[in-house]
file work_32.tsv (TSV, C-alpha atoms and all ligand atoms)
chain	number	residue	atom	x	y	z
A	1	MET	CA	140.09	137.98	205.58
A	2	LEU	CA	137.23	140.43	205.91
A	3	ASN	CA	137.52	141.30	209.60
A	4	ARG	CA	138.61	144.77	210.63
A	5	LYS	CA	138.76	143.93	214.28
A	6	LEU	CA	139.06	140.66	216.20
A	7	ASP	CA	137.45	139.62	219.45
A	8	ARG	CA	140.58	139.33	221.58
A	9	SER	CA	138.86	137.00	224.06
A	10	ARG	CA	138.96	134.34	221.32
A	11	LEU	CA	142.74	134.13	221.70
A	12	HIS	CA	142.08	131.19	224.06
A	13	GLU	CA	141.00	129.13	221.06
A	14	LEU	CA	142.86	130.67	218.13
A	15	ALA	CA	145.96	132.47	216.96
A	16	GLN	CA	145.12	136.00	215.80
A	17	VAL	CA	146.86	137.82	212.97
A	18	TRP	CA	146.42	141.53	212.23
A	19	TYR	CA	147.92	143.36	209.29
A	20	CYS	CA	148.12	146.94	207.97
A	21	THR	CA	149.71	149.10	205.31
A	22	PHE	CA	152.04	152.01	206.11
A	23	SER	CA	151.23	154.39	203.27
A	24	LYS	CA	147.57	154.80	204.24
A	25	ASN	CA	148.47	155.51	207.87
A	26	GLU	CA	151.31	158.02	207.80
A	27	PHE	CA	149.02	160.67	209.26
A	28	LEU	CA	149.08	158.59	212.48
A	29	LEU	CA	152.86	158.84	212.92
A	30	PRO	CA	152.66	161.36	215.83
A	31	THR	CA	150.13	159.14	217.63
A	32	PHE	CA	152.28	156.07	217.33
A	33	ARG	CA	155.54	157.88	218.11
A	34	SER	CA	153.95	159.11	221.36
A	35	VAL	CA	153.53	155.54	222.70
A	36	LEU	CA	157.11	154.39	221.98
A	37	SER	CA	159.69	153.91	224.73
A	38	ALA	CA	162.71	156.23	224.89
A	39	ASP	CA	164.83	153.37	223.56
A	40	GLU	CA	162.48	152.87	220.58
A	41	VAL	CA	162.49	156.59	219.78
A	42	ARG	CA	166.32	156.45	219.75
A	43	ARG	CA	166.21	153.40	217.49
A	44	ALA	CA	163.78	155.19	215.15
A	45	GLY	CA	166.21	158.10	214.98
A	46	ARG	CA	169.02	155.85	213.75
A	47	PHE	CA	167.30	154.86	210.46
A	48	LYS	CA	168.97	156.49	207.49
A	49	PHE	CA	165.84	156.63	205.32
A	50	GLN	CA	162.62	158.30	206.40
A	51	LYS	CA	160.57	155.47	204.88
A	52	ASP	CA	162.28	152.92	207.17
A	53	ARG	CA	161.94	155.20	210.18
A	54	ASN	CA	158.22	155.67	209.54
A	55	SER	CA	157.67	151.94	209.02
A	56	PHE	CA	159.40	151.19	212.32
A	57	ILE	CA	157.36	153.81	214.22
A	58	ILE	CA	154.04	152.60	212.81
A	59	THR	CA	154.92	148.92	213.35
A	60	ARG	CA	155.98	149.46	216.98
A	61	GLY	CA	153.07	151.77	217.68
A	62	VAL	CA	150.53	149.31	216.29
A	63	LEU	CA	152.25	146.42	218.13
A	64	ARG	CA	152.04	148.33	221.42
A	65	THR	CA	148.42	149.26	220.79
A	66	LEU	CA	147.46	145.66	220.03
A	67	LEU	CA	149.39	144.33	223.04
A	68	GLY	CA	147.72	147.00	225.18
A	69	GLY	CA	144.34	145.68	224.06
A	70	TYR	CA	145.21	142.12	225.01
A	71	LEU	CA	146.82	143.06	228.33
A	72	GLU	CA	144.42	145.90	229.18
A	73	LEU	CA	147.31	148.31	229.60
A	74	PRO	CA	148.10	151.67	227.99
A	75	PRO	CA	150.36	151.01	224.95
A	76	SER	CA	153.18	153.13	226.36
A	77	GLU	CA	153.32	151.00	229.54
A	78	ILE	CA	154.07	147.72	227.79
A	79	LEU	CA	157.53	146.47	228.75
A	80	LEU	CA	159.24	144.66	225.91
A	81	GLU	CA	162.19	142.39	226.64
A	82	TYR	CA	164.59	140.96	224.04
A	83	THR	CA	166.17	137.52	223.76
A	84	THR	CA	169.90	137.30	222.99
A	85	TYR	CA	168.83	136.82	219.34
A	86	GLY	CA	166.82	140.05	219.37
A	87	LYS	CA	163.32	138.60	219.53
A	88	PRO	CA	161.01	140.90	221.49
A	89	TYR	CA	158.80	139.24	224.12
A	90	LEU	CA	156.78	139.94	227.26
A	91	LEU	CA	158.29	138.94	230.59
A	92	ASP	CA	156.13	136.61	232.71
A	93	SER	CA	153.24	136.53	230.26
A	94	THR	CA	151.46	133.67	228.51
A	95	LEU	CA	150.82	136.05	225.60
A	96	LYS	CA	153.31	135.42	222.79
A	97	PHE	CA	153.64	137.52	219.67
A	98	ASN	CA	155.75	138.08	216.60
A	99	VAL	CA	155.93	140.84	213.98
A	100	SER	CA	157.10	141.14	210.41
A	101	HIS	CA	157.20	143.95	207.86
A	102	SER	CA	158.08	144.22	204.20
A	103	GLY	CA	157.48	146.95	201.61
A	104	ASP	CA	154.28	148.74	202.60
A	105	MET	CA	152.95	146.11	205.02
A	106	ALA	CA	153.28	144.96	208.61
A	107	VAL	CA	151.79	141.85	210.19
A	108	PHE	CA	151.30	141.02	213.88
A	109	ALA	CA	150.64	137.53	215.25
A	110	PHE	CA	149.45	136.64	218.77
A	111	VAL	CA	148.92	133.35	220.55
A	112	LEU	CA	148.66	132.08	224.13
A	113	ASP	CA	151.00	129.60	225.80
A	114	THR	CA	153.12	128.59	222.83
A	115	GLU	CA	155.61	129.96	220.33
A	116	VAL	CA	154.58	131.87	217.21
A	117	GLY	CA	156.52	133.26	214.27
A	118	VAL	CA	155.30	135.33	211.36
A	119	ASP	CA	156.82	136.55	208.12
A	120	ILE	CA	155.61	138.71	205.27
A	121	GLU	CA	157.40	139.43	202.02
A	122	GLN	CA	156.66	141.72	199.12
A	123	VAL	CA	156.91	139.54	196.01
A	124	LYS	CA	159.67	140.70	193.64
A	125	ASP	CA	161.20	138.93	190.67
A	126	ASP	CA	164.34	140.95	190.00
A	127	PHE	CA	166.83	138.38	191.33
A	128	ASP	CA	168.09	134.87	190.61
A	129	LEU	CA	165.71	132.96	192.85
A	130	MET	CA	167.13	129.51	192.07
A	131	GLU	CA	170.54	130.71	193.21
A	132	LEU	CA	169.05	131.98	196.46
A	133	ALA	CA	167.06	128.77	196.87
A	134	ARG	CA	170.25	126.70	196.49
A	135	ASN	CA	171.92	128.83	199.18
A	136	PHE	CA	169.10	128.84	201.73
A	137	PHE	CA	166.72	125.94	201.15
A	138	SER	CA	167.00	122.27	202.12
A	139	GLU	CA	167.66	119.51	199.58
A	140	HIS	CA	164.00	118.51	199.71
A	141	GLU	CA	162.89	122.09	198.94
A	142	ILE	CA	165.44	122.61	196.14
A	143	ALA	CA	164.21	119.38	194.50
A	144	ALA	CA	160.60	120.60	194.84
A	145	MET	CA	161.54	123.97	193.28
A	146	GLU	CA	163.11	122.18	190.32
A	147	ASN	CA	159.75	120.54	189.60
A	148	ILE	CA	157.65	123.71	189.79
A	149	PRO	CA	156.43	125.13	186.44
A	150	GLU	CA	158.33	128.28	185.44
A	151	THR	CA	155.16	130.41	185.71
A	152	ASP	CA	154.71	129.50	189.41
A	153	LEU	CA	158.38	129.55	190.41
A	154	THR	CA	158.46	133.04	191.95
A	155	ARG	CA	155.44	132.38	194.15
A	156	ALA	CA	156.78	128.95	195.13
A	157	PHE	CA	160.03	130.61	196.20
A	158	TYR	CA	158.17	133.10	198.40
A	159	ARG	CA	155.89	130.46	199.87
A	160	CYS	CA	158.96	128.50	200.89
A	161	TRP	CA	160.90	131.53	202.14
A	162	THR	CA	158.08	132.92	204.30
A	163	ARG	CA	157.19	129.49	205.73
A	164	LYS	CA	160.81	128.83	206.64
A	165	GLU	CA	161.29	132.25	208.11
A	166	SER	CA	158.08	132.05	210.17
A	167	PHE	CA	159.39	128.79	211.59
A	168	ILE	CA	162.81	130.17	212.54
A	169	LYS	CA	161.14	133.28	213.98
A	170	ALA	CA	158.88	131.12	216.17
A	171	GLU	CA	161.87	129.07	217.21
A	172	GLY	CA	163.62	132.37	217.96
A	173	SER	CA	167.30	131.78	217.28
A	174	GLY	CA	167.32	133.76	214.04
A	175	LEU	CA	169.77	132.96	211.32
A	176	SER	CA	171.87	130.80	213.62
A	177	PHE	CA	169.18	128.15	212.99
A	178	PRO	CA	170.25	125.74	210.19
A	179	LEU	CA	167.89	126.51	207.31
A	180	ASP	CA	168.85	123.36	205.41
A	181	LYS	CA	167.87	121.03	208.28
A	182	PHE	CA	164.11	121.39	207.88
A	183	ALA	CA	161.73	121.40	204.93
A	184	VAL	CA	158.36	123.01	204.20
A	185	SER	CA	155.87	122.44	201.39
A	186	LEU	CA	155.92	125.06	198.63
A	187	ASP	CA	153.62	123.97	195.81
A	188	HIS	CA	150.33	125.45	196.99
A	189	ASP	CA	149.33	128.96	198.17
A	190	HIS	CA	147.16	127.76	201.04
A	191	GLU	CA	148.28	124.26	202.03
A	192	ALA	CA	151.37	124.75	204.16
A	193	THR	CA	153.11	121.86	205.90
A	194	LEU	CA	156.28	121.36	207.88
A	195	ILE	CA	157.53	118.26	206.10
A	196	GLN	CA	160.85	117.47	207.76
A	197	THR	CA	162.70	118.40	210.95
A	198	GLY	CA	166.09	116.76	210.57
A	199	TRP	CA	167.26	117.01	214.20
A	200	ASP	CA	164.15	115.26	215.58
A	201	LEU	CA	161.91	113.34	213.21
A	202	GLN	CA	158.85	113.83	215.43
A	203	GLU	CA	159.26	117.59	215.97
A	204	LYS	CA	157.42	118.41	212.74
A	205	ASP	CA	154.25	116.87	214.22
A	206	ASN	CA	154.13	119.57	216.91
A	207	TRP	CA	153.75	122.48	214.48
A	208	SER	CA	151.08	124.16	212.37
A	209	LEU	CA	152.07	126.24	209.36
A	210	TYR	CA	149.76	128.63	207.53
A	211	SER	CA	150.19	130.86	204.49
A	212	PHE	CA	148.11	133.96	203.84
A	213	LEU	CA	147.83	136.48	201.01
A	214	PRO	CA	146.94	139.82	202.63
A	215	GLU	CA	147.30	142.00	199.51
A	216	GLN	CA	148.34	141.52	195.91
A	217	GLN	CA	152.11	141.10	195.67
A	218	TYR	CA	152.47	140.05	199.30
A	219	ILE	CA	152.80	136.57	200.77
A	220	GLY	CA	152.74	135.85	204.48
A	221	ALA	CA	153.26	132.79	206.65
A	222	LEU	CA	152.67	131.84	210.25
A	223	ALA	CA	154.20	129.05	212.35
A	224	ILE	CA	152.69	127.95	215.68
A	225	ARG	CA	154.07	125.28	217.97
A	226	ASP	CA	150.66	123.71	218.36
A	227	LYS	CA	148.89	121.20	216.19
A	228	SER	CA	145.33	122.17	216.99
A	229	LYS	CA	145.03	125.96	217.10
A	230	GLY	CA	143.06	127.65	214.35
A	231	ILE	CA	143.81	131.12	213.06
A	232	GLU	CA	141.86	134.27	212.25
A	233	PHE	CA	142.86	137.49	210.48
A	234	ALA	CA	142.00	141.17	210.63
A	235	ASN	CA	142.84	143.76	208.01
A	236	LEU	CA	143.47	146.99	209.93
A	237	VAL	CA	142.25	149.21	207.12
A	238	ASP	CA	141.87	152.22	209.39
A	239	ILE	CA	144.37	151.97	212.24
A	240	SER	CA	143.03	155.13	213.85
A	241	THR	CA	140.05	153.12	215.16
A	242	LEU	CA	142.39	150.60	216.79
A	243	SER	CA	142.40	150.28	220.55
A	301	LIG	N1	163.30	135.77	216.19
A	301	LIG	C1	162.02	136.16	215.94
A	301	LIG	N2	161.64	137.44	215.72
A	301	LIG	C2	162.59	138.38	215.78
A	301	LIG	C3	163.95	138.08	216.04
A	301	LIG	C4	164.27	136.71	216.25
A	301	LIG	N3	165.52	136.31	216.51
A	301	LIG	N4	164.65	139.23	216.03
A	301	LIG	C5	163.79	140.23	215.77
A	301	LIG	N5	162.52	139.74	215.63
A	301	LIG	C6	161.25	140.42	215.34
A	301	LIG	C7	161.27	141.90	215.63
A	301	LIG	O1	160.00	142.27	216.08
A	301	LIG	C8	161.55	142.52	214.28
A	301	LIG	O2	160.92	143.75	214.13
A	301	LIG	P1	161.70	145.11	214.39
A	301	LIG	O3	162.92	145.05	213.53
A	301	LIG	O4	160.75	146.18	213.98
A	301	LIG	O5	162.02	145.10	215.85
A	301	LIG	C9	160.89	141.55	213.33
A	301	LIG	O6	161.00	140.27	213.94
A	301	LIG	C10	161.57	141.54	211.97
A	301	LIG	O7	161.03	140.52	211.18
A	301	LIG	P2	160.96	140.69	209.59
A	301	LIG	O8	160.24	141.94	209.28
A	301	LIG	O9	160.44	139.45	209.03
A	301	LIG	O10	162.48	141.01	209.25
A	301	LIG	P3	163.64	140.25	208.50
A	301	LIG	O11	163.07	139.30	207.51
A	301	LIG	O12	164.56	141.27	207.99
A	301	LIG	O13	164.41	139.50	209.66
A	301	LIG	C11	164.96	137.79	211.32
A	301	LIG	C12	164.05	138.25	210.21
A	301	LIG	C13	164.63	138.61	212.56
A	301	LIG	C14	164.63	136.34	211.59
A	301	LIG	C15	166.46	137.95	211.08
A	301	LIG	O14	167.16	136.97	211.77
A	301	LIG	C16	166.98	137.92	209.69
A	301	LIG	O15	167.84	138.68	209.41
A	301	LIG	N6	166.54	137.10	208.76
A	301	LIG	C17	167.04	137.13	207.39
A	301	LIG	C18	166.05	136.56	206.48
A	301	LIG	C19	166.42	135.14	206.01
A	301	LIG	O16	167.52	134.84	205.63
A	301	LIG	N7	165.42	134.25	205.98
A	301	LIG	C20	165.62	132.91	205.52
A	301	LIG	C21	164.36	132.34	204.94
A	301	LIG	S1	164.68	130.90	204.01
A	302	MG	MG	161.11	138.67	207.05
call {"tool": "encode", "arguments": {"input": "work_32.tsv", "output": "structure tokens"}}
result
Amino acid sequence: MLNRKLDRSRLHELAQVWYCTFSKNEFLLPTFRSVLSADEVRRAGRFKFQKDRNSFIITRGVLRTLLGGYLELPPSEILLEYTTYGKPYLLDSTLKFNVSHSGDMAVFAFVLDTEVGVDIEQVKDDFDLMELARNFFSEHEIAAMENIPETDLTRAFYRCWTRKESFIKAEGSGLSFPLDKFAVSLDHDHEATLIQTGWDLQEKDNWSLYSFLPEQQYIGALAIRDKSKGIEFANLVDISTLS
């Protein structure tokens, strides 16, 4: 996790994941706002809280800048389309991407020729996580949670949540996807596995799942519909050098 920049030509072999914090980059808001589409500027204007507005502007601006690097286009000229479930994508391109943000962080995942989903969550412990687990997780995952030592329960919850969400984000149909019909591993920070896909017993064999810990108090996960692709990360400490 020490890279600050990735060699984009390696996307043929690997999935690439970039991440950044918002608070250290607020001085770049005008730069990022200037590359947004008219529609995105309108969307930014609809956020009630300035913090959410700024997070959206930085996330979209960085996304456009990264896409521009891959496609060799100015960031403002990238045309984003949306599926009926709201997932942004590029028309007629083999380049696939997905974005997630939580708290002070955003994460951006890119891959060629297959689907990718990413999720990041700021770890909090001010809620009844077993109640949430019973509402959202599969039977297999609830049973696994019940066997996790109390001291590791919060992290296990977030490992499971982010892995599940990265999978449904790769799949693309959002919350209409039945969360209880598939199961992920949750007992280890780094070993992530898609254990069960209830609608097709073989489907799980087509996927790779990864977890990553970009900063203290954050857990991320990535799902790729490919068994063989590796993954590399870059921490965009100083986004102003990004191009
Ligand atoms: N599929 C994949 N990606 C999508 C998407 C979809 N259907 N719709 C939007 N996105 C992308 C967008 O780039 C969006 O960024 P934007 O809002 O700046 O445009 C980004 O994903 C949002 O992802 P994230 O930051 O992780 O937000 P979220 O956790 O609030 O929402 C969704 C995730 C999009 C999948 C949404 O359907 C949702 O509301 N999920 C609720 C979370 C949940 O219940 N998870 C269950 C885990 S067990
Ligand atoms: Mg999320």
call {"tool": "residues_near_ligand", "arguments": {"input": "work_32.tsv", "ligand": "ligand MG 302 (chain A)", "cutoff": "6 Å", "atoms": "all atoms listed in the file", "output": "VMD selection string"}}
result
chain A and resid 100 119 to 120
call {"tool": "atom_distance", "arguments": {"input": "work_32.tsv", "atom1": "CA of Gly174 in chain A", "atom2": "atom O13 of ligand LIG 301 (chain A)"}}
result
7.8 Å
call {"tool": "residues_around", "arguments": {"input": "work_32.tsv", "residues": "Pro75 in chain A", "least_positions_apart": "4", "cutoff": "8 Å", "atoms": "all atoms listed in the file", "output": "list in words"}}
result
Val35, Gly61, Arg64, Thr65, Leu66, Leu67 and Gly68 of chain A
call {"tool": "closest_residue", "arguments": {"input": "work_32.tsv", "among": "A:Phe167, A:Phe56, A:Phe127, A:Trp18", "to": "ligand LIG 301 (chain A)", "atoms": "all atoms listed in the file"}}
result
A:Phe56
call {"tool": "residues_around", "arguments": {"input": "work_32.tsv", "residues": "Asp7 in chain A", "least_positions_apart": "2", "cutoff": "12 Å", "atoms": "only C-alpha atoms", "output": "count of residues only"}}
result
20
call {"tool": "closest_atom_pairs", "arguments": {"input": "work_32.tsv", "of": "range 123-169 of chain A", "to": "range 201-220 of chain A", "cutoff": "9 Å", "atoms": "only C-alpha atoms", "output": "Markdown table"}}
result
| residue | atom | partner | partner_atom | distance |
| --- | --- | --- | --- | --- |
| A:Val123 | CA | A:Gln217 | CA | 5.1 |
| A:Lys124 | CA | A:Gln217 | CA | 7.8 |
| A:Arg155 | CA | A:Ile219 | CA | 8.3 |
| A:Tyr158 | CA | A:Ile219 | CA | 6.8 |
| A:Arg159 | CA | A:Ile219 | CA | 6.9 |
| A:Thr162 | CA | A:Gly220 | CA | 6.1 |
| A:Arg163 | CA | A:Leu209 | CA | 7.1 |
| A:Ser166 | CA | A:Leu209 | CA | 8.4 |
| A:Phe167 | CA | A:Leu209 | CA | 8.1 |
call {"tool": "write_last_selection", "arguments": {"input": "work_32.tsv", "atoms": "C-alpha atoms", "output": "short mmCIF file (atom, residue, chain, number, x, y, z; two decimals), in the frame of the given file"}}
result
data_model
loop_
_atom_site.label_atom_id
_atom_site.label_comp_id
_atom_site.auth_asym_id
_atom_site.auth_seq_id
_atom_site.Cartn_x
_atom_site.Cartn_y
_atom_site.Cartn_z
CA VAL A 123 156.91 139.54 196.01
CA LYS A 124 159.67 140.70 193.64
CA ARG A 155 155.44 132.38 194.15
CA TYR A 158 158.17 133.10 198.40
CA ARG A 159 155.89 130.46 199.87
CA THR A 162 158.08 132.92 204.30
CA ARG A 163 157.19 129.49 205.73
CA SER A 166 158.08 132.05 210.17
CA PHE A 167 159.39 128.79 211.59
#
call {"tool": "residues_around", "arguments": {"input": "work_32.tsv", "residues": "Leu91 in chain A", "least_positions_apart": "6", "cutoff": "10 Å", "atoms": "only C-alpha atoms", "output": "list in words"}}
result
Leu79, Leu80, Glu81 and Tyr82 of chain A
call {"tool": "decode", "arguments": {"input": "work_32.tsv", "residues": "range 91-145 of chain A", "atoms": "C-alpha atoms", "output": "short mmCIF file (atom, residue, chain, number, x, y, z; two decimals), in the first residue's frame"}}
result
data_model
loop_
_atom_site.label_atom_id
_atom_site.label_comp_id
_atom_site.auth_asym_id
_atom_site.auth_seq_id
_atom_site.Cartn_x
_atom_site.Cartn_y
_atom_site.Cartn_z
CA LEU A 91 -20.43 3.51 -22.97
CA ASP A 92 -18.60 1.24 -25.45
CA SER A 93 -15.50 0.86 -23.30
CA THR A 94 -13.71 -2.19 -21.92
CA LEU A 95 -12.67 -0.05 -18.95
CA LYS A 96 -14.91 -0.77 -15.95
CA PHE A 97 -14.84 1.12 -12.68
CA ASN A 98 -16.61 1.56 -9.39
CA VAL A 99 -16.40 4.13 -6.59
CA SER A 100 -17.21 4.23 -2.91
CA HIS A 101 -16.93 6.86 -0.19
CA SER A 102 -17.44 6.91 3.56
CA GLY A 103 -16.45 9.42 6.24
CA ASP A 104 -13.28 11.13 5.06
CA MET A 105 -12.31 8.63 2.36
CA ALA A 106 -13.05 7.75 -1.25
CA VAL A 107 -11.88 4.69 -3.17
CA PHE A 108 -11.78 4.10 -6.93
CA ALA A 109 -11.43 0.69 -8.59
CA PHE A 110 -10.63 0.00 -12.26
CA VAL A 111 -10.44 -3.18 -14.30
CA LEU A 112 -10.58 -4.21 -17.96
CA ASP A 113 -13.19 -6.46 -19.55
CA THR A 114 -15.08 -7.57 -16.46
CA GLU A 115 -17.24 -6.28 -13.64
CA VAL A 116 -15.83 -4.64 -10.52
CA GLY A 117 -17.40 -3.38 -7.32
CA VAL A 118 -15.80 -1.57 -4.41
CA ASP A 119 -16.94 -0.52 -0.96
CA ILE A 120 -15.36 1.39 1.88
CA GLU A 121 -16.79 1.95 5.33
CA GLN A 122 -15.66 4.00 8.29
CA VAL A 123 -15.73 1.62 11.27
CA LYS A 124 -18.18 2.73 13.97
CA ASP A 125 -19.51 0.82 16.95
CA ASP A 126 -22.47 2.93 18.06
CA PHE A 127 -25.20 0.57 16.82
CA ASP A 128 -26.56 -2.92 17.42
CA LEU A 129 -24.51 -4.77 14.84
CA MET A 130 -26.02 -8.20 15.53
CA GLU A 131 -29.46 -6.77 14.81
CA LEU A 132 -28.22 -5.35 11.52
CA ALA A 133 -26.44 -8.61 10.70
CA ARG A 134 -29.69 -10.56 11.27
CA ASN A 135 -31.50 -8.17 8.89
CA PHE A 136 -28.93 -8.11 6.09
CA PHE A 137 -26.66 -11.14 6.24
CA SER A 138 -27.22 -14.72 5.07
CA GLU A 139 -27.77 -17.61 7.47
CA HIS A 140 -24.19 -18.76 6.92
CA GLU A 141 -22.83 -15.30 7.81
CA ILE A 142 -25.08 -14.87 10.87
CA ALA A 143 -23.87 -18.25 12.17
CA ALA A 144 -20.25 -17.17 11.55
CA MET A 145 -20.86 -13.89 13.42
#
